[in-house]
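File shown: model10.cif (mmCIF, N, CA and C atoms).
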```cif
data_data
#
loop_
_atom_site.group_PDB
_atom_site.id
_atom_site.type_symbol
_atom_site.label_atom_id
_atom_site.label_comp_id
_atom_site.auth_asym_id
_atom_site.auth_seq_id
_atom_site.Cartn_x
_atom_site.Cartn_y
_atom_site.Cartn_z
ATOM 1 N N MET R 1 31.347 111.877 40.952
ATOM 2 C CA MET R 1 31.568 111.442 42.318
ATOM 3 C C MET R 1 32.616 110.323 42.369
ATOM 4 N N ARG R 2 32.638 109.491 41.344
ATOM 5 C CA ARG R 2 33.621 108.404 41.335
ATOM 6 C C ARG R 2 35.047 108.927 41.303
ATOM 7 N N LEU R 3 35.268 109.989 40.540
ATOM 8 C CA LEU R 3 36.604 110.572 40.463
ATOM 9 C C LEU R 3 37.059 111.050 41.837
ATOM 10 N N GLY R 4 36.157 111.666 42.577
ATOM 11 C CA GLY R 4 36.485 112.132 43.921
ATOM 12 C C GLY R 4 36.854 110.990 44.853
ATOM 13 N N ILE R 5 36.115 109.902 44.742
ATOM 14 C CA ILE R 5 36.407 108.739 45.592
ATOM 15 C C ILE R 5 37.763 108.149 45.228
ATOM 16 N N TYR R 6 38.026 108.038 43.936
ATOM 17 C CA TYR R 6 39.317 107.491 43.507
ATOM 18 C C TYR R 6 40.472 108.370 43.947
ATOM 19 N N LEU R 7 40.328 109.679 43.783
ATOM 20 C CA LEU R 7 41.396 110.592 44.194
ATOM 21 C C LEU R 7 41.626 110.532 45.698
ATOM 22 N N ALA R 8 40.545 110.495 46.464
ATOM 23 C CA ALA R 8 40.680 110.430 47.915
ATOM 24 C C ALA R 8 41.346 109.121 48.344
ATOM 25 N N LEU R 9 40.965 108.024 47.737
ATOM 26 C CA LEU R 9 41.561 106.739 48.095
ATOM 27 C C LEU R 9 43.034 106.658 47.702
ATOM 28 N N ILE R 10 43.376 107.200 46.543
ATOM 29 C CA ILE R 10 44.786 107.215 46.137
ATOM 30 C C ILE R 10 45.594 108.074 47.096
ATOM 31 N N GLY R 11 45.056 109.228 47.466
ATOM 32 C CA GLY R 11 45.751 110.110 48.395
ATOM 33 C C GLY R 11 45.939 109.480 49.767
ATOM 34 N N VAL R 12 44.888 108.857 50.276
ATOM 35 C CA VAL R 12 44.990 108.198 51.583
ATOM 36 C C VAL R 12 45.976 107.040 51.518
ATOM 37 N N GLY R 13 45.956 106.290 50.428
ATOM 38 C CA GLY R 13 46.904 105.182 50.270
ATOM 39 C C GLY R 13 48.348 105.662 50.217
ATOM 40 N N LEU R 14 48.580 106.752 49.511
ATOM 41 C CA LEU R 14 49.926 107.304 49.399
ATOM 42 C C LEU R 14 50.435 107.803 50.748
ATOM 43 N N VAL R 15 49.599 108.529 51.464
ATOM 44 C CA VAL R 15 49.993 109.002 52.794
ATOM 45 C C VAL R 15 50.179 107.815 53.743
ATOM 46 N N GLY R 16 49.343 106.807 53.621
ATOM 47 C CA GLY R 16 49.491 105.612 54.452
ATOM 48 C C GLY R 16 50.798 104.881 54.194
ATOM 49 N N LEU R 17 51.190 104.797 52.933
ATOM 50 C CA LEU R 17 52.471 104.167 52.605
ATOM 51 C C LEU R 17 53.648 104.941 53.193
ATOM 52 N N ILE R 18 53.568 106.253 53.153
ATOM 53 C CA ILE R 18 54.652 107.067 53.695
ATOM 54 C C ILE R 18 54.707 106.951 55.216
ATOM 55 N N ILE R 19 53.555 106.943 55.860
ATOM 56 C CA ILE R 19 53.527 106.730 57.312
ATOM 57 C C ILE R 19 54.079 105.349 57.658
ATOM 58 N N GLY R 20 53.738 104.356 56.841
ATOM 59 C CA GLY R 20 54.289 103.014 57.036
ATOM 60 C C GLY R 20 55.796 102.975 56.867
ATOM 61 N N LEU R 21 56.318 103.758 55.933
ATOM 62 C CA LEU R 21 57.765 103.848 55.740
ATOM 63 C C LEU R 21 58.445 104.420 56.977
ATOM 64 N N PHE R 22 57.867 105.467 57.548
ATOM 65 C CA PHE R 22 58.435 106.047 58.760
ATOM 66 C C PHE R 22 58.354 105.075 59.940
ATOM 67 N N TRP R 23 57.245 104.339 60.038
ATOM 68 C CA TRP R 23 57.106 103.368 61.119
ATOM 69 C C TRP R 23 58.154 102.257 60.965
ATOM 70 N N LEU R 24 58.330 101.790 59.737
ATOM 71 C CA LEU R 24 59.302 100.735 59.471
ATOM 72 C C LEU R 24 60.726 101.214 59.749
ATOM 73 N N LYS R 25 61.001 102.456 59.417
ATOM 74 C CA LYS R 25 62.319 103.041 59.684
ATOM 75 C C LYS R 25 62.611 103.034 61.184
ATOM 76 N N ASP R 26 61.624 103.427 61.985
ATOM 77 C CA ASP R 26 61.809 103.438 63.435
ATOM 78 C C ASP R 26 61.881 102.024 64.006
ATOM 79 N N ARG R 27 61.114 101.133 63.451
ATOM 80 C CA ARG R 27 61.066 99.757 63.958
ATOM 81 C C ARG R 27 62.376 99.004 63.683
ATOM 82 N N LEU R 28 62.900 99.176 62.466
ATOM 83 C CA LEU R 28 64.108 98.455 62.080
ATOM 84 C C LEU R 28 65.394 99.211 62.407
ATOM 85 N N GLU R 29 65.261 100.502 62.697
ATOM 86 C CA GLU R 29 66.411 101.371 62.982
ATOM 87 C C GLU R 29 67.452 101.286 61.868
ATOM 88 N N SER R 30 66.972 101.379 60.649
ATOM 89 C CA SER R 30 67.826 101.261 59.473
ATOM 90 C C SER R 30 68.245 102.643 58.985
ATOM 91 N N LEU R 31 69.536 102.800 58.766
ATOM 92 C CA LEU R 31 70.047 104.063 58.250
ATOM 93 C C LEU R 31 69.597 104.299 56.815
ATOM 94 N N ARG R 32 69.548 103.247 56.037
ATOM 95 C CA ARG R 32 69.125 103.369 54.638
ATOM 96 C C ARG R 32 67.663 103.821 54.554
ATOM 97 N N LEU R 33 66.794 103.220 55.379
ATOM 98 C CA LEU R 33 65.393 103.636 55.387
ATOM 99 C C LEU R 33 65.244 105.055 55.912
ATOM 100 N N ALA R 34 66.097 105.454 56.854
ATOM 101 C CA ALA R 34 66.047 106.822 57.379
ATOM 102 C C ALA R 34 66.386 107.820 56.275
ATOM 103 N N ARG R 35 67.378 107.498 55.470
ATOM 104 C CA ARG R 35 67.742 108.389 54.360
ATOM 105 C C ARG R 35 66.616 108.481 53.336
ATOM 106 N N ILE R 36 66.000 107.354 53.060
ATOM 107 C CA ILE R 36 64.900 107.346 52.092
ATOM 108 C C ILE R 36 63.706 108.116 52.640
ATOM 109 N N ALA R 37 63.369 107.871 53.905
ATOM 110 C CA ALA R 37 62.185 108.492 54.491
ATOM 111 C C ALA R 37 62.318 110.006 54.600
ATOM 112 N N HIS R 38 63.522 110.483 54.832
ATOM 113 C CA HIS R 38 63.723 111.915 55.004
ATOM 114 C C HIS R 38 64.193 112.607 53.727
ATOM 115 N N SER R 39 64.041 111.940 52.595
ATOM 116 C CA SER R 39 64.485 112.526 51.336
ATOM 117 C C SER R 39 63.417 113.464 50.765
ATOM 118 N N GLU R 40 63.856 114.302 49.855
ATOM 119 C CA GLU R 40 62.951 115.287 49.255
ATOM 120 C C GLU R 40 61.845 114.643 48.411
ATOM 121 N N PRO R 41 62.128 113.604 47.618
ATOM 122 C CA PRO R 41 61.031 112.997 46.843
ATOM 123 C C PRO R 41 59.910 112.425 47.720
ATOM 124 N N ILE R 42 60.246 111.871 48.864
ATOM 125 C CA ILE R 42 59.218 111.339 49.760
ATOM 126 C C ILE R 42 58.380 112.477 50.341
ATOM 127 N N ALA R 43 59.034 113.594 50.657
ATOM 128 C CA ALA R 43 58.294 114.760 51.155
ATOM 129 C C ALA R 43 57.337 115.284 50.089
ATOM 130 N N ARG R 44 57.788 115.297 48.857
ATOM 131 C CA ARG R 44 56.919 115.747 47.765
ATOM 132 C C ARG R 44 55.746 114.791 47.572
ATOM 133 N N LEU R 45 56.000 113.487 47.682
ATOM 134 C CA LEU R 45 54.911 112.514 47.565
ATOM 135 C C LEU R 45 53.898 112.678 48.686
ATOM 136 N N ALA R 46 54.367 113.026 49.881
ATOM 137 C CA ALA R 46 53.450 113.250 50.999
ATOM 138 C C ALA R 46 52.547 114.451 50.724
ATOM 139 N N VAL R 47 53.116 115.505 50.166
ATOM 140 C CA VAL R 47 52.316 116.685 49.834
ATOM 141 C C VAL R 47 51.317 116.353 48.734
ATOM 142 N N ILE R 48 51.748 115.595 47.739
ATOM 143 C CA ILE R 48 50.840 115.200 46.655
ATOM 144 C C ILE R 48 49.714 114.319 47.200
ATOM 145 N N GLY R 49 50.052 113.389 48.091
ATOM 146 C CA GLY R 49 49.026 112.529 48.684
ATOM 147 C C GLY R 49 48.011 113.316 49.491
ATOM 148 N N ALA R 50 48.487 114.279 50.265
ATOM 149 C CA ALA R 50 47.565 115.114 51.050
ATOM 150 C C ALA R 50 46.685 115.948 50.129
ATOM 151 N N ALA R 51 47.275 116.487 49.067
ATOM 152 C CA ALA R 51 46.497 117.301 48.125
ATOM 153 C C ALA R 51 45.441 116.460 47.406
ATOM 154 N N LEU R 52 45.810 115.256 47.001
ATOM 155 C CA LEU R 52 44.830 114.378 46.351
ATOM 156 C C LEU R 52 43.682 114.028 47.291
ATOM 157 N N THR R 53 44.003 113.805 48.549
ATOM 158 C CA THR R 53 42.964 113.498 49.530
ATOM 159 C C THR R 53 42.000 114.666 49.678
ATOM 160 N N VAL R 54 42.537 115.863 49.826
ATOM 161 C CA VAL R 54 41.689 117.046 49.996
ATOM 162 C C VAL R 54 40.857 117.303 48.744
ATOM 163 N N ILE R 55 41.467 117.218 47.574
ATOM 164 C CA ILE R 55 40.724 117.445 46.335
ATOM 165 C C ILE R 55 39.624 116.405 46.162
ATOM 166 N N GLY R 56 39.945 115.139 46.465
ATOM 167 C CA GLY R 56 38.933 114.089 46.372
ATOM 168 C C GLY R 56 37.770 114.318 47.319
ATOM 169 N N LEU R 57 38.072 114.715 48.548
ATOM 170 C CA LEU R 57 36.996 114.985 49.506
ATOM 171 C C LEU R 57 36.165 116.193 49.090
ATOM 172 N N LEU R 58 36.808 117.219 48.549
ATOM 173 C CA LEU R 58 36.050 118.375 48.065
ATOM 174 C C LEU R 58 35.140 118.003 46.894
ATOM 175 N N LEU R 59 35.613 117.138 46.005
ATOM 176 C CA LEU R 59 34.765 116.690 44.896
ATOM 177 C C LEU R 59 33.580 115.874 45.395
ATOM 178 N N ILE R 60 33.798 115.052 46.405
ATOM 179 C CA ILE R 60 32.700 114.254 46.969
ATOM 180 C C ILE R 60 31.661 115.169 47.605
ATOM 181 N N VAL R 61 32.136 116.133 48.388
ATOM 182 C CA VAL R 61 31.202 117.043 49.067
ATOM 183 C C VAL R 61 30.459 117.912 48.051
ATOM 184 N N SER R 62 31.155 118.398 47.029
ATOM 185 C CA SER R 62 30.497 119.250 46.040
ATOM 186 C C SER R 62 29.459 118.464 45.239
ATOM 187 N N SER R 63 29.706 117.196 44.993
ATOM 188 C CA SER R 63 28.719 116.405 44.248
ATOM 189 C C SER R 63 27.467 116.161 45.086
ATOM 190 N N GLN R 64 27.597 116.169 46.385
ATOM 191 C CA GLN R 64 26.428 116.000 47.247
ATOM 192 C C GLN R 64 25.538 117.231 47.218
ATOM 193 N N PHE R 65 26.144 118.400 47.054
ATOM 194 C CA PHE R 65 25.353 119.641 47.019
ATOM 195 C C PHE R 65 24.746 119.909 45.656
ATOM 196 N N GLN R 66 25.252 119.279 44.600
ATOM 197 C CA GLN R 66 24.731 119.515 43.271
ATOM 198 C C GLN R 66 23.457 118.716 42.976
ATOM 199 N N SER R 67 23.242 117.648 43.687
ATOM 200 C CA SER R 67 22.069 116.818 43.385
ATOM 201 C C SER R 67 20.851 117.290 44.096
#
```
This structure in structure tokens:
Amino acid sequence: MRLGIYLALIGVGLVGLIIGLFWLKDRLESLRLARIAHSEPIARLAVIGAALTVIGLLLIVSSQFQS
């Protein structure tokens, strides 16, 4: 169950950082931040963060049914 919690928290943190990057880009109206936010590595990190969140939540739910 701990692994699921850690994975979910890492995933939520990663997605939160990316959302914060987009918010900061809009707030500061920076071209450099816009390029970074819309780059392919950031998109891949967003997908990884979402996947970690889902996997972590599935592990938490599955551990509840096993006990």
Pairwise distance for CA of Val54 (chain R) and atom C of Gly13 (chain R), rounded to one decimal in Å
13.2 Å
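Between CA of Leu58 (chain R) and atom C of Val12 (chain R) there is a distance of 15.5 Å.
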Neighbour residues at most 6 Å from (41.8, 113.3, 44.7) (only C-alpha atoms) as a PDB file with N, CA and C atoms, in the frame of the given file:
```pdb
ATOM      1  N   GLY R   4      36.157 111.666  42.577  1.00  0.00           N
ATOM      2  CA  GLY R   4      36.485 112.132  43.921  1.00  0.00           C
ATOM      3  C   GLY R   4      36.854 110.990  44.853  1.00  0.00           C
ATOM      4  N   LEU R   7      40.328 109.679  43.783  1.00  0.00           N
ATOM      5  CA  LEU R   7      41.396 110.592  44.194  1.00  0.00           C
ATOM      6  C   LEU R   7      41.626 110.532  45.698  1.00  0.00           C
ATOM      7  N   ALA R   8      40.545 110.495  46.464  1.00  0.00           N
ATOM      8  CA  ALA R   8      40.680 110.430  47.915  1.00  0.00           C
ATOM      9  C   ALA R   8      41.346 109.121  48.344  1.00  0.00           C
ATOM     10  N   LEU R  52      45.810 115.256  47.001  1.00  0.00           N
ATOM     11  CA  LEU R  52      44.830 114.378  46.351  1.00  0.00           C
ATOM     12  C   LEU R  52      43.682 114.028  47.291  1.00  0.00           C
ATOM     13  N   THR R  53      44.003 113.805  48.549  1.00  0.00           N
ATOM     14  CA  THR R  53      42.964 113.498  49.530  1.00  0.00           C
ATOM     15  C   THR R  53      42.000 114.666  49.678  1.00  0.00           C
ATOM     16  N   ILE R  55      41.467 117.218  47.574  1.00  0.00           N
ATOM     17  CA  ILE R  55      40.724 117.445  46.335  1.00  0.00           C
ATOM     18  C   ILE R  55      39.624 116.405  46.162  1.00  0.00           C
ATOM     19  N   GLY R  56      39.945 115.139  46.465  1.00  0.00           N
ATOM     20  CA  GLY R  56      38.933 114.089  46.372  1.00  0.00           C
ATOM     21  C   GLY R  56      37.770 114.318  47.319  1.00  0.00           C
TER      22      GLY R  56
END
```
Of the listed residues R:Leu21, R:Ile60, R:Ala34, R:Ile10, that which approaches Ile48 (chain R) most closely, counting only C-alpha atoms
R:Ile10
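CA of Arg2 (chain R) lies 9.1 Å from CA of Leu59 (chain R).
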Can you spell out as a VMD selection string the set of residues that the PyMOL selection byres (((chain R and resi 45 and name CA) around 12) and name CA) selects in the structure I just provided?
chain R and resid 10 to 19 37 to 44 46 to 52
Around all the atoms of region 31-36 of chain R listed in the file, with 6 Å of room on each side, what axis-aligned box do you get, giving centre and edge lengths in Å to one decimal, as lines of an AutoDock Vina configuration file?
```
center_x = 66.9
center_y = 105.6
center_z = 55.4
size_x = 18.3
size_y = 17.7
size_z = 18.7
```
